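A.B. asks: Sharing final_22.cif here; it has mmCIF, C-alpha atoms.
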```cif
data_model
loop_
_atom_site.label_atom_id
_atom_site.label_comp_id
_atom_site.auth_asym_id
_atom_site.auth_seq_id
_atom_site.Cartn_x
_atom_site.Cartn_y
_atom_site.Cartn_z
CA MET A 299 -5.65 10.05 21.49
CA ILE A 300 -6.13 6.34 20.78
CA TYR A 301 -4.91 6.04 17.20
CA PHE A 302 -6.69 3.47 15.03
CA ASP A 303 -5.88 5.08 11.66
CA ASN A 304 -2.68 3.23 10.83
CA ALA A 305 -3.87 2.24 7.35
CA ALA A 306 -3.77 5.94 6.46
CA THR A 307 -0.32 6.40 7.97
CA SER A 308 1.35 4.50 10.77
CA ARG A 309 1.79 6.44 13.97
CA PHE A 310 4.53 4.23 15.37
CA LYS A 311 8.02 5.06 14.11
CA PRO A 312 11.18 3.29 15.34
CA LYS A 313 13.37 5.61 17.40
CA SER A 314 16.39 4.56 15.37
CA ALA A 315 14.66 5.69 12.17
CA LEU A 316 13.61 8.99 13.76
CA ASN A 317 17.21 9.60 14.83
CA ILE A 318 18.46 9.01 11.29
CA LEU A 319 15.79 11.33 9.85
CA ILE A 320 16.75 14.14 12.21
CA ASN A 321 20.46 13.62 11.66
CA GLU A 322 20.14 13.61 7.87
CA LEU A 323 17.90 16.69 7.88
CA THR A 324 20.39 18.49 10.12
CA LYS A 325 23.33 17.58 7.86
CA SER A 326 21.62 17.89 4.49
CA SER A 327 23.49 17.23 1.28
CA ASN A 328 22.33 16.39 -2.22
CA SER A 329 23.01 12.88 -3.45
CA GLY A 330 24.82 12.65 -6.75
CA ARG A 331 25.10 16.40 -7.24
CA SER A 332 28.54 16.98 -5.72
CA ALA A 333 31.76 15.06 -5.14
CA HIS A 334 32.34 16.15 -1.55
CA ARG A 335 32.29 13.64 1.28
CA ASP A 336 28.82 14.44 2.64
CA ALA A 337 27.15 14.17 -0.78
CA ILE A 338 28.84 10.83 -1.42
CA THR A 339 27.77 9.59 2.04
CA THR A 340 24.17 10.55 1.30
CA ALA A 341 24.28 8.69 -2.02
CA LEU A 342 25.66 5.60 -0.29
CA LYS A 343 22.84 5.68 2.28
CA ILE A 344 20.23 5.80 -0.48
CA GLU A 345 21.86 2.81 -2.16
CA GLU A 346 21.93 1.00 1.19
CA THR A 347 18.17 1.51 1.54
CA ARG A 348 17.70 0.16 -1.98
CA ALA A 349 19.63 -2.98 -1.02
CA ILE A 350 17.68 -3.43 2.22
CA ILE A 351 14.38 -3.30 0.34
CA GLN A 352 15.62 -5.78 -2.26
CA ASP A 353 16.70 -8.15 0.50
CA LYS A 354 13.53 -8.00 2.60
CA LEU A 355 11.23 -8.44 -0.40
CA ALA A 356 13.32 -11.20 -2.02
CA ALA A 357 13.79 -8.90 -5.01
CA GLN A 358 17.57 -8.90 -5.32
CA SER A 359 17.51 -8.94 -9.11
CA ALA A 360 14.77 -6.29 -9.40
CA ASN A 361 15.01 -2.54 -9.91
CA VAL A 362 14.15 -0.32 -6.93
CA VAL A 363 13.11 3.28 -7.57
CA PHE A 364 12.19 5.85 -4.95
CA THR A 365 9.08 7.96 -5.39
CA LYS A 366 7.29 10.46 -3.19
CA ASN A 367 4.47 8.02 -2.40
CA CYS A 368 2.73 4.83 -3.50
CA THR A 369 0.41 6.76 -5.82
CA GLU A 370 3.34 8.03 -7.87
CA ALA A 371 4.73 4.50 -8.06
CA LEU A 372 1.40 3.15 -9.35
CA ASN A 373 1.10 5.99 -11.86
CA LEU A 374 4.56 5.19 -13.17
CA CYS A 375 3.56 1.56 -13.68
CA LEU A 376 0.20 2.22 -15.31
CA LEU A 377 0.79 5.38 -17.33
CA LYS A 378 4.43 4.83 -18.28
CA GLY A 379 4.62 1.05 -18.59
CA GLY A 380 3.60 1.16 -22.25
CA PHE A 381 0.65 -1.20 -21.83
CA LYS A 382 -1.72 -1.67 -24.74
CA GLY A 383 -4.58 -4.00 -25.54
CA HIS A 384 -6.40 -5.40 -22.52
CA ILE A 385 -5.85 -4.82 -18.79
CA ILE A 386 -7.53 -6.74 -15.97
CA SER A 387 -8.03 -5.23 -12.54
CA THR A 388 -10.69 -5.35 -9.81
CA VAL A 389 -13.38 -3.25 -8.16
CA LEU A 390 -11.37 -3.46 -4.92
CA GLU A 391 -8.74 -1.02 -6.16
CA HIS A 392 -7.79 2.34 -4.72
CA ASN A 393 -8.21 5.44 -6.89
CA SER A 394 -4.44 5.57 -7.35
CA THR A 395 -4.97 2.54 -9.59
CA LEU A 396 -8.51 3.20 -10.81
CA ARG A 397 -7.97 6.75 -12.04
CA PRO A 398 -4.94 5.90 -14.22
CA LEU A 399 -6.86 2.86 -15.54
CA TYR A 400 -9.87 4.98 -16.41
CA ARG A 401 -7.61 7.41 -18.23
CA LEU A 402 -6.08 4.54 -20.20
CA ASN A 403 -9.52 3.13 -20.91
CA SER A 404 -10.56 6.47 -22.43
CA THR A 405 -8.03 5.96 -25.22
CA ASP A 406 -8.42 3.67 -28.22
CA LYS A 407 -5.30 1.69 -27.24
CA VAL A 408 -6.47 0.12 -23.97
CA ALA A 409 -9.57 -1.73 -22.77
CA VAL A 410 -9.96 -2.32 -19.03
CA THR A 411 -11.96 -5.08 -17.34
CA LEU A 412 -12.72 -4.71 -13.62
CA ILE A 413 -13.80 -7.91 -11.93
CA GLU A 414 -15.66 -8.42 -8.66
CA PRO A 415 -14.34 -10.43 -5.70
CA ASN A 416 -15.61 -13.83 -4.63
CA ASP A 417 -18.09 -14.34 -1.78
CA GLU A 418 -15.23 -14.05 0.74
CA GLY A 419 -14.40 -10.58 -0.55
CA PHE A 420 -11.05 -11.25 -2.22
CA VAL A 421 -9.71 -12.21 -5.64
CA THR A 422 -8.04 -15.44 -6.77
CA ALA A 423 -6.62 -16.66 -10.05
CA SER A 424 -9.85 -18.55 -10.74
CA GLU A 425 -11.81 -15.29 -10.69
CA ILE A 426 -9.36 -13.66 -13.09
CA GLU A 427 -8.66 -16.43 -15.59
CA PRO A 428 -12.02 -16.34 -17.44
CA TYR A 429 -11.41 -12.69 -18.37
CA ILE A 430 -7.97 -13.21 -19.92
CA ARG A 431 -7.84 -12.44 -23.64
CA ARG A 432 -5.18 -12.89 -26.26
CA ASP A 433 -4.29 -9.21 -25.97
CA THR A 434 -4.26 -9.06 -22.15
CA SER A 435 -1.01 -7.31 -21.25
CA LEU A 436 -1.42 -6.51 -17.55
CA ILE A 437 -3.12 -7.76 -14.39
CA ALA A 438 -3.26 -5.13 -11.61
CA VAL A 439 -4.41 -6.17 -8.12
CA ASN A 440 -4.10 -4.74 -4.64
CA PHE A 441 -2.53 -7.12 -2.15
CA VAL A 442 -4.87 -6.15 0.69
CA SER A 443 -8.05 -4.11 0.36
CA ASN A 444 -7.64 -0.79 2.13
CA VAL A 445 -11.38 -0.92 2.85
CA THR A 446 -12.07 -4.45 4.12
CA GLY A 447 -8.62 -5.94 4.72
CA ALA A 448 -9.37 -8.79 2.28
CA VAL A 449 -6.15 -10.50 1.12
CA ALA A 450 -5.78 -11.39 -2.56
CA ASP A 451 -4.21 -14.68 -3.67
CA ILE A 452 -1.07 -13.00 -4.98
CA GLU A 453 0.92 -16.20 -5.48
CA GLY A 454 -1.86 -17.90 -7.42
CA ILE A 455 -2.47 -14.85 -9.60
CA GLY A 456 1.28 -14.52 -10.15
CA LYS A 457 1.51 -18.10 -11.41
CA LEU A 458 -1.41 -17.51 -13.75
CA ALA A 459 0.09 -14.30 -15.10
CA LYS A 460 3.46 -15.95 -15.66
CA SER A 461 1.89 -18.89 -17.49
CA LYS A 462 0.16 -16.46 -19.86
CA ASN A 463 3.17 -14.12 -20.17
CA ILE A 464 1.16 -11.26 -18.68
CA VAL A 465 2.78 -8.54 -16.56
CA PHE A 466 1.58 -8.60 -12.94
CA LEU A 467 1.32 -5.38 -10.89
CA VAL A 468 0.64 -5.45 -7.14
CA ASP A 469 -0.43 -2.47 -5.03
CA GLY A 470 1.25 -3.43 -1.77
CA ALA A 471 0.14 -0.39 0.24
CA GLN A 472 -1.73 -2.33 2.93
CA GLY A 473 -0.23 -5.81 2.54
CA VAL A 474 3.51 -5.36 2.91
CA PRO A 475 4.85 -6.26 5.44
CA HIS A 476 1.78 -7.57 7.30
CA ILE A 477 1.28 -10.54 4.96
CA TYR A 478 4.12 -12.78 3.78
CA PHE A 479 5.52 -11.49 0.48
CA ASP A 480 8.22 -12.84 -1.83
CA PHE A 481 8.69 -10.84 -5.05
CA LEU A 482 10.33 -13.64 -7.01
CA LYS A 483 8.37 -16.62 -5.66
CA MET A 484 5.02 -14.89 -6.14
CA GLY A 485 5.69 -14.02 -9.76
CA VAL A 486 5.26 -10.28 -9.31
CA ASP A 487 6.65 -7.98 -11.99
CA MET A 488 5.84 -4.60 -10.42
CA LEU A 489 5.22 -3.70 -6.78
CA ALA A 490 4.23 -0.26 -5.49
CA LEU A 491 4.72 0.61 -1.81
CA PRO A 492 4.34 3.60 0.53
CA GLY A 493 7.16 4.20 2.95
CA HIS A 494 4.95 5.65 5.67
CA LYS A 495 2.51 2.82 6.44
CA GLY A 496 3.44 -0.70 7.53
CA LEU A 497 7.13 -0.16 6.80
CA HIS A 498 7.13 2.59 9.48
CA GLY A 499 8.97 5.15 7.40
CA PHE A 500 7.90 8.72 6.80
CA GLN A 501 5.45 10.57 4.58
CA GLY A 502 7.03 11.69 1.35
CA THR A 503 8.60 8.31 0.59
CA GLY A 504 7.39 5.62 -1.78
CA VAL A 505 8.96 2.67 -3.56
CA LEU A 506 8.54 1.03 -6.95
CA VAL A 507 10.07 -2.41 -7.40
CA PHE A 508 10.03 -3.91 -10.90
CA SER A 509 11.66 -6.68 -12.87
CA ASP A 510 13.64 -6.40 -16.10
CA LYS A 511 10.57 -7.81 -17.86
CA VAL A 512 9.09 -4.31 -17.64
CA LYS A 513 10.25 -1.09 -19.28
CA ILE A 514 9.02 2.07 -17.56
CA ALA A 515 9.40 5.55 -19.01
CA PRO A 516 9.85 8.55 -16.73
CA LEU A 517 6.98 10.78 -15.59
CA ILE A 518 9.44 13.60 -14.85
CA LEU A 519 12.47 14.70 -16.86
CA GLY A 520 15.34 16.62 -15.32
CA GLY A 521 18.59 16.48 -13.44
CA THR A 522 19.79 13.10 -12.27
CA GLY A 523 23.41 13.91 -11.44
CA THR A 524 24.49 11.64 -14.31
CA TYR A 525 25.11 12.30 -18.04
CA SER A 526 24.79 16.01 -17.34
CA SER A 527 26.34 16.92 -20.70
CA SER A 528 23.27 15.51 -22.48
CA VAL A 529 19.91 17.27 -22.84
CA THR A 530 18.14 13.92 -23.15
CA GLN A 531 17.02 11.83 -20.19
CA PRO A 532 19.25 8.89 -19.19
CA GLU A 533 17.71 5.53 -20.00
CA GLY A 534 19.11 3.40 -17.20
CA TYR A 535 17.43 2.64 -13.88
CA PRO A 536 17.10 4.06 -11.31
CA GLU A 537 18.46 7.36 -12.70
CA SER A 538 15.86 7.76 -15.45
CA LEU A 539 12.99 7.60 -12.94
CA GLU A 540 14.54 9.67 -10.13
CA SER A 541 14.91 13.15 -11.60
CA GLY A 542 15.32 16.03 -9.19
CA THR A 543 16.34 16.06 -5.56
CA LEU A 544 15.25 12.98 -3.65
CA PHE A 545 13.98 13.07 -0.07
CA SER A 546 17.32 11.63 0.94
CA ALA A 547 16.75 11.97 4.69
CA GLY A 548 13.43 10.16 4.42
CA ILE A 549 14.95 7.44 2.25
CA ALA A 550 17.85 6.86 4.64
CA ALA A 551 15.40 6.73 7.55
CA LEU A 552 13.17 4.37 5.56
CA GLY A 553 16.06 1.95 5.24
CA GLU A 554 16.41 1.83 9.02
CA ALA A 555 12.62 1.64 9.48
CA VAL A 556 12.44 -1.35 7.12
CA ARG A 557 15.35 -3.03 8.87
CA TRP A 558 13.74 -2.49 12.31
CA THR A 559 10.26 -3.57 11.13
CA TYR A 560 11.45 -6.84 9.65
CA SER A 561 13.52 -7.63 12.74
CA HIS A 562 10.32 -7.25 14.83
CA LEU A 563 7.91 -8.58 12.24
CA ARG A 564 6.71 -11.76 13.91
CA GLU A 565 5.70 -10.18 17.20
CA GLY A 566 4.41 -7.01 15.54
CA ASN A 567 2.17 -8.78 13.07
CA ALA A 568 0.95 -11.17 15.75
CA LEU A 569 -0.09 -8.15 17.82
CA ILE A 570 -1.89 -6.55 14.87
CA GLU A 571 -3.81 -9.73 14.04
CA LYS A 572 -4.68 -10.31 17.70
CA ILE A 573 -6.08 -6.83 18.29
CA GLY A 574 -7.80 -6.83 14.90
CA GLY A 575 -9.48 -10.09 15.86
CA GLU A 576 -10.57 -8.57 19.17
CA LEU A 577 -12.18 -5.66 17.34
CA ILE A 578 -14.02 -7.95 14.90
CA TYR A 579 -15.28 -10.19 17.70
CA GLY A 580 -16.28 -7.29 19.91
CA LEU A 581 -18.08 -5.38 17.17
CA THR A 582 -19.92 -8.51 16.02
CA SER A 583 -20.98 -9.21 19.61
CA LEU A 584 -22.51 -5.72 19.75
CA GLY A 585 -24.57 -6.46 16.65
CA VAL A 586 -22.50 -4.17 14.46
CA LYS A 587 -22.28 -4.83 10.72
CA VAL A 588 -18.63 -5.84 10.14
CA TYR A 589 -17.26 -6.09 6.60
CA THR A 590 -13.83 -7.47 7.55
CA LYS A 591 -13.25 -11.22 7.73
CA ASP A 592 -9.45 -11.34 7.80
CA ALA A 593 -7.67 -9.51 10.64
CA ARG A 594 -4.09 -10.10 9.47
CA ALA A 595 -3.57 -6.60 8.09
CA GLY A 596 -5.30 -4.98 11.05
CA ILE A 597 -8.03 -3.34 8.96
CA VAL A 598 -11.51 -3.58 10.49
CA SER A 599 -14.38 -1.82 8.69
CA PHE A 600 -17.95 -1.60 9.93
CA ASN A 601 -21.19 0.41 10.07
CA LEU A 602 -23.69 1.10 12.82
CA GLY A 603 -27.08 0.58 11.21
CA ASP A 604 -27.86 3.41 8.80
CA ILE A 605 -25.83 6.03 10.65
CA PRO A 606 -23.49 7.89 8.27
CA SER A 607 -19.95 6.67 8.79
CA SER A 608 -18.75 10.25 9.24
CA ASP A 609 -21.13 10.71 12.20
CA VAL A 610 -19.74 7.60 13.89
CA ALA A 611 -16.19 8.81 13.31
CA ASP A 612 -17.08 12.19 14.81
CA LEU A 613 -18.51 10.52 17.92
CA LEU A 614 -15.35 8.43 18.27
CA ASN A 615 -13.23 11.53 17.79
CA ALA A 616 -15.13 13.14 20.67
CA ALA A 617 -14.14 10.09 22.73
CA ASP A 618 -10.50 10.75 21.73
CA ILE A 619 -10.35 7.82 19.29
CA ALA A 620 -9.08 8.30 15.73
CA VAL A 621 -10.58 6.26 12.87
CA ARG A 622 -11.33 6.93 9.22
CA SER A 623 -14.75 7.16 7.61
CA GLY A 624 -16.11 7.62 4.10
CA LEU A 625 -15.23 5.91 0.83
CA HIS A 626 -11.48 5.45 1.47
CA CYS A 627 -10.69 6.42 -2.15
CA ALA A 628 -12.17 3.09 -3.32
CA PRO A 629 -15.55 4.05 -4.82
CA LEU A 630 -16.21 0.88 -6.82
CA LEU A 631 -15.82 -1.38 -3.80
CA HIS A 632 -18.33 0.71 -1.88
CA LYS A 633 -20.69 0.48 -4.82
CA TYR A 634 -20.22 -3.30 -4.72
CA TYR A 635 -21.16 -3.36 -1.02
CA GLY A 636 -23.94 -0.80 -1.44
CA THR A 637 -22.24 1.67 0.89
CA GLU A 638 -21.45 4.42 -1.61
CA LYS A 639 -23.67 6.88 0.31
CA GLN A 640 -23.02 5.77 3.87
CA GLY A 641 -19.37 4.85 3.51
CA MET A 642 -17.73 2.70 6.17
CA VAL A 643 -15.94 3.31 9.45
CA ARG A 644 -12.44 1.89 9.36
CA ALA A 645 -10.34 1.14 12.41
CA SER A 646 -6.80 0.10 11.50
CA VAL A 647 -4.38 -1.43 13.98
CA GLY A 648 -0.67 -0.76 14.17
CA PHE A 649 2.40 -1.60 16.22
CA ASN A 650 1.37 1.29 18.49
CA ASN A 651 -1.89 -0.29 19.67
CA THR A 652 -2.66 -2.32 22.80
CA ASP A 653 -5.43 -4.47 24.25
CA ARG A 654 -6.38 -1.47 26.38
CA ASP A 655 -6.91 0.56 23.19
CA ALA A 656 -9.20 -2.15 21.85
CA ALA A 657 -11.21 -2.25 25.07
CA ALA A 658 -11.63 1.54 25.08
CA PHE A 659 -12.68 1.50 21.44
CA LEU A 660 -15.30 -1.22 21.99
CA ASN A 661 -16.58 0.56 25.09
CA ALA A 662 -17.04 3.74 23.05
CA ILE A 663 -18.87 1.83 20.31
CA GLU A 664 -21.15 0.21 22.89
CA LYS A 665 -22.09 3.63 24.23
CA ILE A 666 -22.85 4.90 20.71
CA VAL A 667 -24.99 1.83 19.99
CA LYS A 668 -26.96 2.30 23.22
CA HIS A 669 -27.39 6.03 22.64
CA THR A 670 -28.57 5.70 19.04
CA SER A 671 -30.96 2.85 19.81
CA ALA A 672 -32.53 4.55 22.83
#
```
Any chance you could give the structure as structure tokens?
C.D. replies:
Amino acid sequence: MIYFDNAATSRFKPKSALNILINELTKSSNSGRSAHRDAITTALKIEETRAIIQDKLAAQSANVVFTKNCTEALNLCLLKGGFKGHIISTVLEHNSTLRPLYRLNSTDKVAVTLIEPNDEGFVTASEIEPYIRRDTSLIAVNFVSNVTGAVADIEGIGKLAKSKNIVFLVDGAQGVPHIYFDFLKMGVDMLALPGHKGLHGFQGTGVLVFSDKVKIAPLILGGTGTYSSSVTQPEGYPESLESGTLFSAGIAALGEAVRWTYSHLREGNALIEKIGGELIYGLTSLGVKVYTKDARAGIVSFNLGDIPSSDVADLLNAADIAVRSGLHCAPLLHKYYGTEKQGMVRASVGFNNTDRDAAAFLNAIEKIVKHTSA
């Protein structure tokens, strides 16, 4: 199958990371729960992954906490960050941000403002600034839209947030590592990441990176391997936010996946942007409605006339091509584009894709266009 669903989960995984995953699963031990050699080795590998992530994101002074996915990381930020007053976010957000925000908005402690993008489909500081109030405590923005691939002006928003002493949260699910990111330089206070997408790790791993400016309470209380004589949760990071057994094999493999990805980042991202551009050009040439303007993250969303996006995806599946259709867990953005009933078809490029894949995809689309217009 030609796999163009990398925004859901990347199909390509470095062999070195796969080898580590298999080795760690075969020789399982529980980090921090025992003093024997294997348990200590596992703990050291988790700490090594923490250090790799800090280094690659320019977040050496930040806290790094492992979660089971990006959704858990975002929930930690939004529901356990202690935010009150006013929060600004956007209609571009994924439900992993929107649903916690709507829950907060249902209380009498938080008011949420969701702003629309500019005519280019993304958000800048100038779109956000007019909505800032005296009690604005948080700005939450996704780095790259998982629907259209639009890239937010993270550095500009970060500067604005810092000047107003407002905490800045970034959903990096689709942006890191495809778009340049520097945690410190961009003024980010909290960053949520999945391990299994552009970082080429495995499902069941997520990352939360946050500065000392933020205090986050745990979602889960339990064993941490530290302060076991106490029945109260430790307060220090990362222990307080990592209760229970971690997916240590996945975390160790994630460290290697991140290392490999960043060592091949220039050529990998150039490939993604090139093939994404080919898809946009080819689809536009066929008269297809394309919603994506920026190919850097490899996300290309489109519709064929009024045909339901699910029907198009089914036809592509029959041609042995994998894409995603529907609302992509971003209902407000589809409402903004008027596609809440039709949805969109999303092709997402990864390190696994080739020019031949793009040609086969466009050939399949051409056949669908001809068939449906006949």
A.B. asks: Taking the file above as input, evaluate the PyMOL selection byres ((chain A and resi 317) around 12) and report the hits as a list in words.
C.D. replies: Lys311, Pro312, Lys313, Ser314, Ala315, Leu316, Ile318, Leu319, Ile320, Asn321, Glu322, Leu323, Thr324, Gly499, Ala547, Gly548, Ala550, Ala551, Leu552, Glu554 and Ala555 of chain A
A.B. asks: Mind writing the picked residues with C-alpha atoms as an mmCIF file, keeping the file's coordinate frame?
C.D. replies:
```
data_model
loop_
_atom_site.group_PDB
_atom_site.id
_atom_site.type_symbol
_atom_site.label_atom_id
_atom_site.label_comp_id
_atom_site.auth_asym_id
_atom_site.auth_seq_id
_atom_site.Cartn_x
_atom_site.Cartn_y
_atom_site.Cartn_z
ATOM 1 C CA LYS A 311 8.020 5.060 14.110
ATOM 2 C CA PRO A 312 11.180 3.290 15.340
ATOM 3 C CA LYS A 313 13.370 5.610 17.400
ATOM 4 C CA SER A 314 16.390 4.560 15.370
ATOM 5 C CA ALA A 315 14.660 5.690 12.170
ATOM 6 C CA LEU A 316 13.610 8.990 13.760
ATOM 7 C CA ILE A 318 18.460 9.010 11.290
ATOM 8 C CA LEU A 319 15.790 11.330 9.850
ATOM 9 C CA ILE A 320 16.750 14.140 12.210
ATOM 10 C CA ASN A 321 20.460 13.620 11.660
ATOM 11 C CA GLU A 322 20.140 13.610 7.870
ATOM 12 C CA LEU A 323 17.900 16.690 7.880
ATOM 13 C CA THR A 324 20.390 18.490 10.120
ATOM 14 C CA GLY A 499 8.970 5.150 7.400
ATOM 15 C CA ALA A 547 16.750 11.970 4.690
ATOM 16 C CA GLY A 548 13.430 10.160 4.420
ATOM 17 C CA ALA A 550 17.850 6.860 4.640
ATOM 18 C CA ALA A 551 15.400 6.730 7.550
ATOM 19 C CA LEU A 552 13.170 4.370 5.560
ATOM 20 C CA GLU A 554 16.410 1.830 9.020
ATOM 21 C CA ALA A 555 12.620 1.640 9.480
#
```
A.B. asks: With distances taken over all atoms listed in the file, which residue among A:Ile338, A:Leu482, A:Leu539, A:Ala438 lies nearest Ile464 of chain A?
C.D. replies: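 Looking at the shortest contact to Ile464 of chain A, the residue is A:Ala438.
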A.B. asks: For the PyMOL selection byres ((chain A and resi 408) around 8), applied here, can you spell out every residue it catches as an MDAnalysis selection string?
C.D. replies: chainID A and resid 381:385 402:407 409:410
A.B. asks: Compile the contact shell of Asp510 of chain A as a PyMOL selection string: residues with an atom at most 10 Å away, counting all atoms listed in the file, same-chain residues fewer than 4 positions apart removed.
C.D. replies: chain A and resi 359-361+487-488+514
A.B. asks: Which residue gives the smallest distance to Leu631 of chain A among A:Ile413, A:Leu614, A:Val486, A:Leu342, with only C-alpha atoms counted?
C.D. replies: A:Ile413
A.B. asks: For segment 591-606 of chain A, find every residue with an atom within 8 Å (counting all atoms listed in the file), except residues of its own chain fewer than 2 positions away, and show them as a VMD selection string.
C.D. replies: chain A and resid 305 418 442 444 to 449 472 to 473 476 to 477 567 570 to 575 577 to 578 586 to 589 608 to 610 640 to 648 667
A.B. asks: Generate a file of the selected residues that holds C-alpha atoms, formatted as a compact mmCIF listing (two decimals), keeping the file's coordinate frame.
C.D. replies:
```txt
# COMPACT_ATOMS: atom_id res chain seq x y z
CA ALA A 305 -3.87 2.24 7.35
CA GLU A 418 -15.23 -14.05 0.74
CA VAL A 442 -4.87 -6.15 0.69
CA ASN A 444 -7.64 -0.79 2.13
CA VAL A 445 -11.38 -0.92 2.85
CA THR A 446 -12.07 -4.45 4.12
CA GLY A 447 -8.62 -5.94 4.72
CA ALA A 448 -9.37 -8.79 2.28
CA VAL A 449 -6.15 -10.50 1.12
CA GLN A 472 -1.73 -2.33 2.93
CA GLY A 473 -0.23 -5.81 2.54
CA HIS A 476 1.78 -7.57 7.30
CA ILE A 477 1.28 -10.54 4.96
CA ASN A 567 2.17 -8.78 13.07
CA ILE A 570 -1.89 -6.55 14.87
CA GLU A 571 -3.81 -9.73 14.04
CA LYS A 572 -4.68 -10.31 17.70
CA ILE A 573 -6.08 -6.83 18.29
CA GLY A 574 -7.80 -6.83 14.90
CA GLY A 575 -9.48 -10.09 15.86
CA LEU A 577 -12.18 -5.66 17.34
CA ILE A 578 -14.02 -7.95 14.90
CA VAL A 586 -22.50 -4.17 14.46
CA LYS A 587 -22.28 -4.83 10.72
CA VAL A 588 -18.63 -5.84 10.14
CA TYR A 589 -17.26 -6.09 6.60
CA SER A 608 -18.75 10.25 9.24
CA ASP A 609 -21.13 10.71 12.20
CA VAL A 610 -19.74 7.60 13.89
CA GLN A 640 -23.02 5.77 3.87
CA GLY A 641 -19.37 4.85 3.51
CA MET A 642 -17.73 2.70 6.17
CA VAL A 643 -15.94 3.31 9.45
CA ARG A 644 -12.44 1.89 9.36
CA ALA A 645 -10.34 1.14 12.41
CA SER A 646 -6.80 0.10 11.50
CA VAL A 647 -4.38 -1.43 13.98
CA GLY A 648 -0.67 -0.76 14.17
CA VAL A 667 -24.99 1.83 19.99
```
A.B. asks: What is the atom CA of Leu376 of chain A to atom CA of Phe441 of chain A distance in Å?
C.D. replies: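 If I compute the distance from atom CA of Leu376 of chain A to atom CA of Phe441 of chain A, I get 16.4 Å.
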A.B. asks: Name the residues that the PyMOL selection byres ((chain A and resi 452-456) around 10) picks from the file above, as an MDAnalysis selection string, using the file's chain letters and numbers.
C.D. replies: chainID A and resid 421:427 437:442 449:451 457:462 464:468 479:487
A.B. asks: Just want the 12 Å neighbourhood of Gly523 of chain A, counted on all atoms listed in the file, with same-chain residues fewer than 2 positions away dropped. Output as an MDAnalysis selection string.
C.D. replies: chainID A and resid 328:333 337:338 341 520:521 525:528 531:532 536:538 540:544
A.B. asks: Quick check, in Å to one decimal: how far apart do atom CA of Glu533 of chain A and atom CA of Val363 of chain A lie?
C.D. replies: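 Separation between atom CA of Glu533 of chain A and atom CA of Val363 of chain A: 13.4 Å.
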A.B. asks: Please compute the atom CA of His392 of chain A-atom CA of Asp417 of chain A distance, one decimal, in Å.
C.D. replies: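 Those two atoms sit 19.8 Å apart.
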A.B. asks: Which residue gives the smallest distance to Asn373 of chain A among A:Ser435, A:Leu489, A:Leu412, A:Ser443, with all atoms listed in the file counted?
C.D. replies: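 For Asn373 of chain A, the nearest of the candidates is A:Leu489.
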A.B. asks: Using all atoms listed in the file, pick whichever of A:Ala611, A:Leu581, A:Leu630, A:Leu506 has the shortest atom-to-atom distance to Asn661 of chain A.
C.D. replies: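 For Asn661 of chain A, the nearest of the candidates is A:Leu581.
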A.B. asks: For Ala628 of chain A, work out the shell of residues within 7 Å, counting only C-alpha atoms and skipping chain neighbours fewer than 3 positions away, then give it as a PyMOL selection string.
C.D. replies: chain A and resi 390-393+625+631-632
A.B. asks: Identify which of the residues A:Val362, A:Ala617, A:Cys375, A:Val474 lies closest to Gly534 of chain A, counting all atoms listed in the file when measuring atom-to-atom distances.
C.D. replies: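 Of A:Val362, A:Ala617, A:Cys375, A:Val474, the one nearest Gly534 of chain A is A:Val362, counting all atoms listed in the file.
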A.B. asks: For a cutoff of 12 Å around the file-coordinate point (-23.2, -1.1, 23.0), which residues qualify once you count only C-alpha atoms? I'd like the result as a list in words.
C.D. replies: Gly580, Leu581, Thr582, Ser583, Leu584, Gly585, Val586, Leu602, Phe659, Leu660, Asn661, Ala662, Ile663, Glu664, Lys665, Ile666, Val667, Lys668, His669, Thr670, Ser671 and Ala672 of chain A
A.B. asks: Would you mind telling me which residue in A:Thr365, A:Thr590, A:Asn304, A:Thr434 lies nearest to Ile518 of chain A when using only C-alpha atoms?
C.D. replies: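 Checking each candidate against Ile518 of chain A, we get A:Thr365 as the closest.
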